[in-house]
file start_15.cif (mmCIF, C-alpha atoms)
data_upload
#
loop_
_atom_site.group_PDB
_atom_site.id
_atom_site.type_symbol
_atom_site.label_atom_id
_atom_site.label_comp_id
_atom_site.auth_asym_id
_atom_site.auth_seq_id
_atom_site.Cartn_x
_atom_site.Cartn_y
_atom_site.Cartn_z
ATOM 1 C CA MET A 1 22.782 13.463 10.779
ATOM 2 C CA ALA A 2 24.776 14.476 7.720
ATOM 3 C CA VAL A 3 26.547 11.940 5.539
ATOM 4 C CA SER A 4 30.315 12.239 5.669
ATOM 5 C CA LEU A 5 32.091 10.627 2.725
ATOM 6 C CA ASP A 6 35.547 11.191 1.343
ATOM 7 C CA ALA A 7 35.382 13.541 -1.662
ATOM 8 C CA GLN A 8 37.459 11.138 -3.793
ATOM 9 C CA LEU A 9 35.065 8.279 -3.025
ATOM 10 C CA LEU A 10 32.066 10.431 -3.900
ATOM 11 C CA ASP A 11 33.733 11.301 -7.224
ATOM 12 C CA ILE A 12 34.074 7.651 -8.250
ATOM 13 C CA LEU A 13 30.713 6.369 -7.000
ATOM 14 C CA ALA A 14 27.946 6.231 -9.601
ATOM 15 C CA CYS A 15 24.269 5.393 -9.580
ATOM 16 C CA PRO A 16 23.491 1.809 -10.634
ATOM 17 C CA CYS A 17 20.704 3.053 -12.932
ATOM 18 C CA PRO A 18 21.292 2.808 -16.711
ATOM 19 C CA ALA A 19 22.285 6.502 -16.851
ATOM 20 C CA HIS A 20 25.051 5.985 -14.215
ATOM 21 C CA GLY A 21 24.635 9.537 -12.933
ATOM 22 C CA SER A 22 26.907 11.163 -10.398
ATOM 23 C CA LEU A 23 25.789 11.209 -6.779
ATOM 24 C CA THR A 24 25.370 14.144 -4.422
ATOM 25 C CA LEU A 25 25.022 14.204 -0.651
ATOM 26 C CA GLY A 26 21.535 14.339 0.849
ATOM 27 C CA ARG A 27 18.114 14.372 -0.804
ATOM 28 C CA PRO A 28 16.136 17.150 -2.485
ATOM 29 C CA GLY A 29 14.947 19.450 0.288
ATOM 30 C CA GLU A 30 16.944 17.459 2.874
ATOM 31 C CA PRO A 31 20.655 18.170 2.326
ATOM 32 C CA GLU A 32 21.514 16.685 5.741
ATOM 33 C CA ALA A 33 19.726 13.352 5.122
ATOM 34 C CA ASP A 34 21.771 10.143 5.166
ATOM 35 C CA TYR A 35 21.265 9.574 1.457
ATOM 36 C CA LEU A 36 23.071 9.985 -1.849
ATOM 37 C CA THR A 37 20.977 11.255 -4.754
ATOM 38 C CA CYS A 38 21.565 10.545 -8.435
ATOM 39 C CA GLY A 39 21.750 13.640 -10.620
ATOM 40 C CA ALA A 40 20.461 11.698 -13.646
ATOM 41 C CA CYS A 41 17.455 9.703 -12.408
ATOM 42 C CA GLY A 42 16.790 11.392 -9.056
ATOM 43 C CA ARG A 43 16.739 8.185 -7.000
ATOM 44 C CA SER A 44 18.045 8.511 -3.444
ATOM 45 C CA PHE A 45 20.164 5.760 -1.917
ATOM 46 C CA PRO A 46 20.565 5.268 1.834
ATOM 47 C CA VAL A 47 23.891 5.507 3.618
ATOM 48 C CA ARG A 48 23.947 3.088 6.559
ATOM 49 C CA ASP A 49 26.761 3.239 9.108
ATOM 50 C CA GLY A 50 28.790 5.298 6.637
ATOM 51 C CA ILE A 51 28.352 2.761 3.818
ATOM 52 C CA PRO A 52 26.408 3.765 0.683
ATOM 53 C CA VAL A 53 23.816 1.135 -0.253
ATOM 54 C CA LEU A 54 23.785 1.496 -4.041
ATOM 55 C CA LEU A 55 21.155 -1.118 -4.838
ATOM 56 C CA LEU A 56 18.175 -0.192 -7.000
ATOM 57 C CA ASP A 57 15.905 -2.243 -4.710
ATOM 58 C CA GLU A 58 16.981 -0.093 -1.745
ATOM 59 C CA ALA A 59 16.537 3.264 -3.508
ATOM 60 C CA ASP A 60 13.936 5.808 -2.467
ATOM 61 C CA THR A 61 12.062 6.291 -5.725
ATOM 62 C CA SER A 62 9.869 9.116 -4.402
ATOM 63 C CA THR A 63 12.611 11.499 -5.565
ATOM 64 C CA GLU A 64 12.843 10.025 -9.094
ATOM 65 C CA VAL A 65 12.874 12.516 -11.953
ATOM 66 C CA ASN A 66 11.041 10.298 -14.483
ATOM 67 C CA PRO A 67 9.497 7.330 -12.647
ATOM 68 C CA ALA A 68 8.701 4.350 -14.857
#

call {"tool": "encode", "arguments": {"input": "start_15.cif", "output": "structure tokens"}}
result
Amino acid sequence: MAVSLDAQLLDILACPCPAHGSLTLGRPGEPEADYLTCGACGRSFPVRDGIPVLLLDEADTSTEVNPA
């Protein structure tokens, strides 16, 4: 199922990581996944019932660009 978010909302949402990167729909290799992915750190955040869960503890870190 593809995430459907208002374009204006997507423009103002930012990753909670220190870099505060912009978010894109889906995950690397899975553009239809119910996730938002940070362009700066690479973390993917779930979207549950249409609500982005932008908590670092909930992020999928397997997509991180530079894991700590």

call {"tool": "resolve_selection", "arguments": {"input": "start_15.cif", "expression": "the PyMOL selection byres ((chain A and resi 32) around 7)", "output": "PyMOL selection string"}}
result
chain A and resi 1-3+26+30-31+33-34

call {"tool": "resolve_selection", "arguments": {"input": "start_15.cif", "expression": "the PyMOL selection byres ((chain A and resi 20) around 12)", "output": "MDAnalysis selection string"}}
result
chainID A and resid 12:19 21:23 37:43 54 56

call {"tool": "atom_distance", "arguments": {"input": "start_15.cif", "atom1": "CA of Asp49 (chain A)", "atom2": "CA of Val65 (chain A)"}}
result
26.9 Å

call {"tool": "closest_residue", "arguments": {"input": "start_15.cif", "among": "A:Arg48, A:Pro28, A:Asp11, A:Ser4", "to": "Glu64 (chain A)", "atoms": "only C-alpha atoms"}}
result
A:Pro28

call {"tool": "atom_distance", "arguments": {"input": "start_15.cif", "atom1": "CA of Thr63 (chain A)", "atom2": "CA of Val47 (chain A)"}}
result
15.7 Å

call {"tool": "atom_distance", "arguments": {"input": "start_15.cif", "atom1": "CA of Pro46 (chain A)", "atom2": "CA of Arg27 (chain A)"}}
result
9.8 Å

call {"tool": "residues_around", "arguments": {"input": "start_15.cif", "residues": "Phe45 (chain A)", "least_positions_apart": "3", "cutoff": "7 Å", "atoms": "only C-alpha atoms", "output": "list in words"}}
result
Tyr35, Leu36, Thr37, Val53, Leu54, Glu58, Ala59 and Asp60 of chain A

call {"tool": "decode", "arguments": {"input": "start_15.cif", "residues": "region 6-32 of chain A", "atoms": "N, CA and C atoms", "output": "PDB file, in the first residue's frame"}}
result
ATOM      1  N   ASP A   6      -0.512  14.692   1.967  1.00  0.00           N
ATOM      2  CA  ASP A   6      -0.632  15.972   1.298  1.00  0.00           C
ATOM      3  C   ASP A   6       0.765  16.519   0.995  1.00  0.00           C
ATOM      4  N   ALA A   7       0.959  17.038  -0.197  1.00  0.00           N
ATOM      5  CA  ALA A   7       2.272  17.550  -0.612  1.00  0.00           C
ATOM      6  C   ALA A   7       2.756  18.673   0.306  1.00  0.00           C
ATOM      7  N   GLN A   8       1.842  19.531   0.763  1.00  0.00           N
ATOM      8  CA  GLN A   8       2.238  20.625   1.662  1.00  0.00           C
ATOM      9  C   GLN A   8       2.721  20.080   3.002  1.00  0.00           C
ATOM     10  N   LEU A   9       2.067  19.032   3.503  1.00  0.00           N
ATOM     11  CA  LEU A   9       2.500  18.424   4.757  1.00  0.00           C
ATOM     12  C   LEU A   9       3.881  17.810   4.588  1.00  0.00           C
ATOM     13  N   LEU A  10       4.084  17.100   3.498  1.00  0.00           N
ATOM     14  CA  LEU A  10       5.380  16.474   3.242  1.00  0.00           C
ATOM     15  C   LEU A  10       6.491  17.523   3.154  1.00  0.00           C
ATOM     16  N   ASP A  11       6.170  18.695   2.623  1.00  0.00           N
ATOM     17  CA  ASP A  11       7.159  19.776   2.523  1.00  0.00           C
ATOM     18  C   ASP A  11       7.589  20.320   3.884  1.00  0.00           C
ATOM     19  N   ILE A  12       6.688  20.299   4.868  1.00  0.00           N
ATOM     20  CA  ILE A  12       7.048  20.874   6.166  1.00  0.00           C
ATOM     21  C   ILE A  12       7.552  19.841   7.171  1.00  0.00           C
ATOM     22  N   LEU A  13       7.298  18.560   6.918  1.00  0.00           N
ATOM     23  CA  LEU A  13       7.813  17.527   7.815  1.00  0.00           C
ATOM     24  C   LEU A  13       9.325  17.411   7.653  1.00  0.00           C
ATOM     25  N   ALA A  14      10.004  17.123   8.753  1.00  0.00           N
ATOM     26  CA  ALA A  14      11.459  16.943   8.714  1.00  0.00           C
ATOM     27  C   ALA A  14      11.837  15.791   9.631  1.00  0.00           C
ATOM     28  N   CYS A  15      12.930  15.169   9.320  1.00  0.00           N
ATOM     29  CA  CYS A  15      13.458  14.076  10.129  1.00  0.00           C
ATOM     30  C   CYS A  15      13.872  14.617  11.500  1.00  0.00           C
ATOM     31  N   PRO A  16      13.630  13.853  12.568  1.00  0.00           N
ATOM     32  CA  PRO A  16      14.045  14.304  13.893  1.00  0.00           C
ATOM     33  C   PRO A  16      15.543  14.126  14.172  1.00  0.00           C
ATOM     34  N   CYS A  17      16.291  13.606  13.210  1.00  0.00           N
ATOM     35  CA  CYS A  17      17.734  13.443  13.404  1.00  0.00           C
ATOM     36  C   CYS A  17      18.397  14.828  13.434  1.00  0.00           C
ATOM     37  N   PRO A  18      19.618  14.929  13.932  1.00  0.00           N
ATOM     38  CA  PRO A  18      20.292  16.233  14.007  1.00  0.00           C
ATOM     39  C   PRO A  18      20.390  16.970  12.665  1.00  0.00           C
ATOM     40  N   ALA A  19      20.424  16.255  11.556  1.00  0.00           N
ATOM     41  CA  ALA A  19      20.533  16.899  10.245  1.00  0.00           C
ATOM     42  C   ALA A  19      19.199  17.474   9.765  1.00  0.00           C
ATOM     43  N   HIS A  20      18.076  17.037  10.350  1.00  0.00           N
ATOM     44  CA  HIS A  20      16.733  17.497   9.983  1.00  0.00           C
ATOM     45  C   HIS A  20      16.493  17.453   8.474  1.00  0.00           C
ATOM     46  N   GLY A  21      16.827  16.334   7.860  1.00  0.00           N
ATOM     47  CA  GLY A  21      16.669  16.189   6.418  1.00  0.00           C
ATOM     48  C   GLY A  21      15.221  16.150   5.979  1.00  0.00           C
ATOM     49  N   SER A  22      15.004  16.430   4.704  1.00  0.00           N
ATOM     50  CA  SER A  22      13.658  16.340   4.149  1.00  0.00           C
ATOM     51  C   SER A  22      13.290  14.869   3.978  1.00  0.00           C
ATOM     52  N   LEU A  23      11.998  14.608   3.928  1.00  0.00           N
ATOM     53  CA  LEU A  23      11.502  13.241   3.847  1.00  0.00           C
ATOM     54  C   LEU A  23      10.895  12.963   2.483  1.00  0.00           C
ATOM     55  N   THR A  24      11.077  11.739   2.013  1.00  0.00           N
ATOM     56  CA  THR A  24      10.479  11.307   0.756  1.00  0.00           C
ATOM     57  C   THR A  24       9.614  10.085   1.023  1.00  0.00           C
ATOM     58  N   LEU A  25       8.653   9.860   0.151  1.00  0.00           N
ATOM     59  CA  LEU A  25       7.750   8.722   0.297  1.00  0.00           C
ATOM     60  C   LEU A  25       8.461   7.413   0.010  1.00  0.00           C
ATOM     61  N   GLY A  26       8.124   6.377   0.773  1.00  0.00           N
ATOM     62  CA  GLY A  26       8.670   5.045   0.547  1.00  0.00           C
ATOM     63  C   GLY A  26      10.040   4.851   1.168  1.00  0.00           C
ATOM     64  N   ARG A  27      10.652   3.706   0.808  1.00  0.00           N
ATOM     65  CA  ARG A  27      11.996   3.356   1.271  1.00  0.00           C
ATOM     66  C   ARG A  27      12.844   3.033   0.055  1.00  0.00           C
ATOM     67  N   PRO A  28      14.159   3.038   0.204  1.00  0.00           N
ATOM     68  CA  PRO A  28      15.024   2.671  -0.925  1.00  0.00           C
ATOM     69  C   PRO A  28      14.664   1.273  -1.440  1.00  0.00           C
ATOM     70  N   GLY A  29      14.380   1.177  -2.705  1.00  0.00           N
ATOM     71  CA  GLY A  29      14.009  -0.090  -3.321  1.00  0.00           C
ATOM     72  C   GLY A  29      12.557  -0.473  -3.112  1.00  0.00           C
ATOM     73  N   GLU A  30      11.829   0.272  -2.290  1.00  0.00           N
ATOM     74  CA  GLU A  30      10.416   0.012  -2.008  1.00  0.00           C
ATOM     75  C   GLU A  30       9.635   1.331  -2.022  1.00  0.00           C
ATOM     76  N   PRO A  31       9.455   1.936  -3.185  1.00  0.00           N
ATOM     77  CA  PRO A  31       8.784   3.236  -3.240  1.00  0.00           C
ATOM     78  C   PRO A  31       7.324   3.205  -2.787  1.00  0.00           C
ATOM     79  N   GLU A  32       6.715   2.025  -2.751  1.00  0.00           N
ATOM     80  CA  GLU A  32       5.316   1.906  -2.339  1.00  0.00           C
ATOM     81  C   GLU A  32       5.166   1.574  -0.855  1.00  0.00           C
TER      82      GLU A  32
END
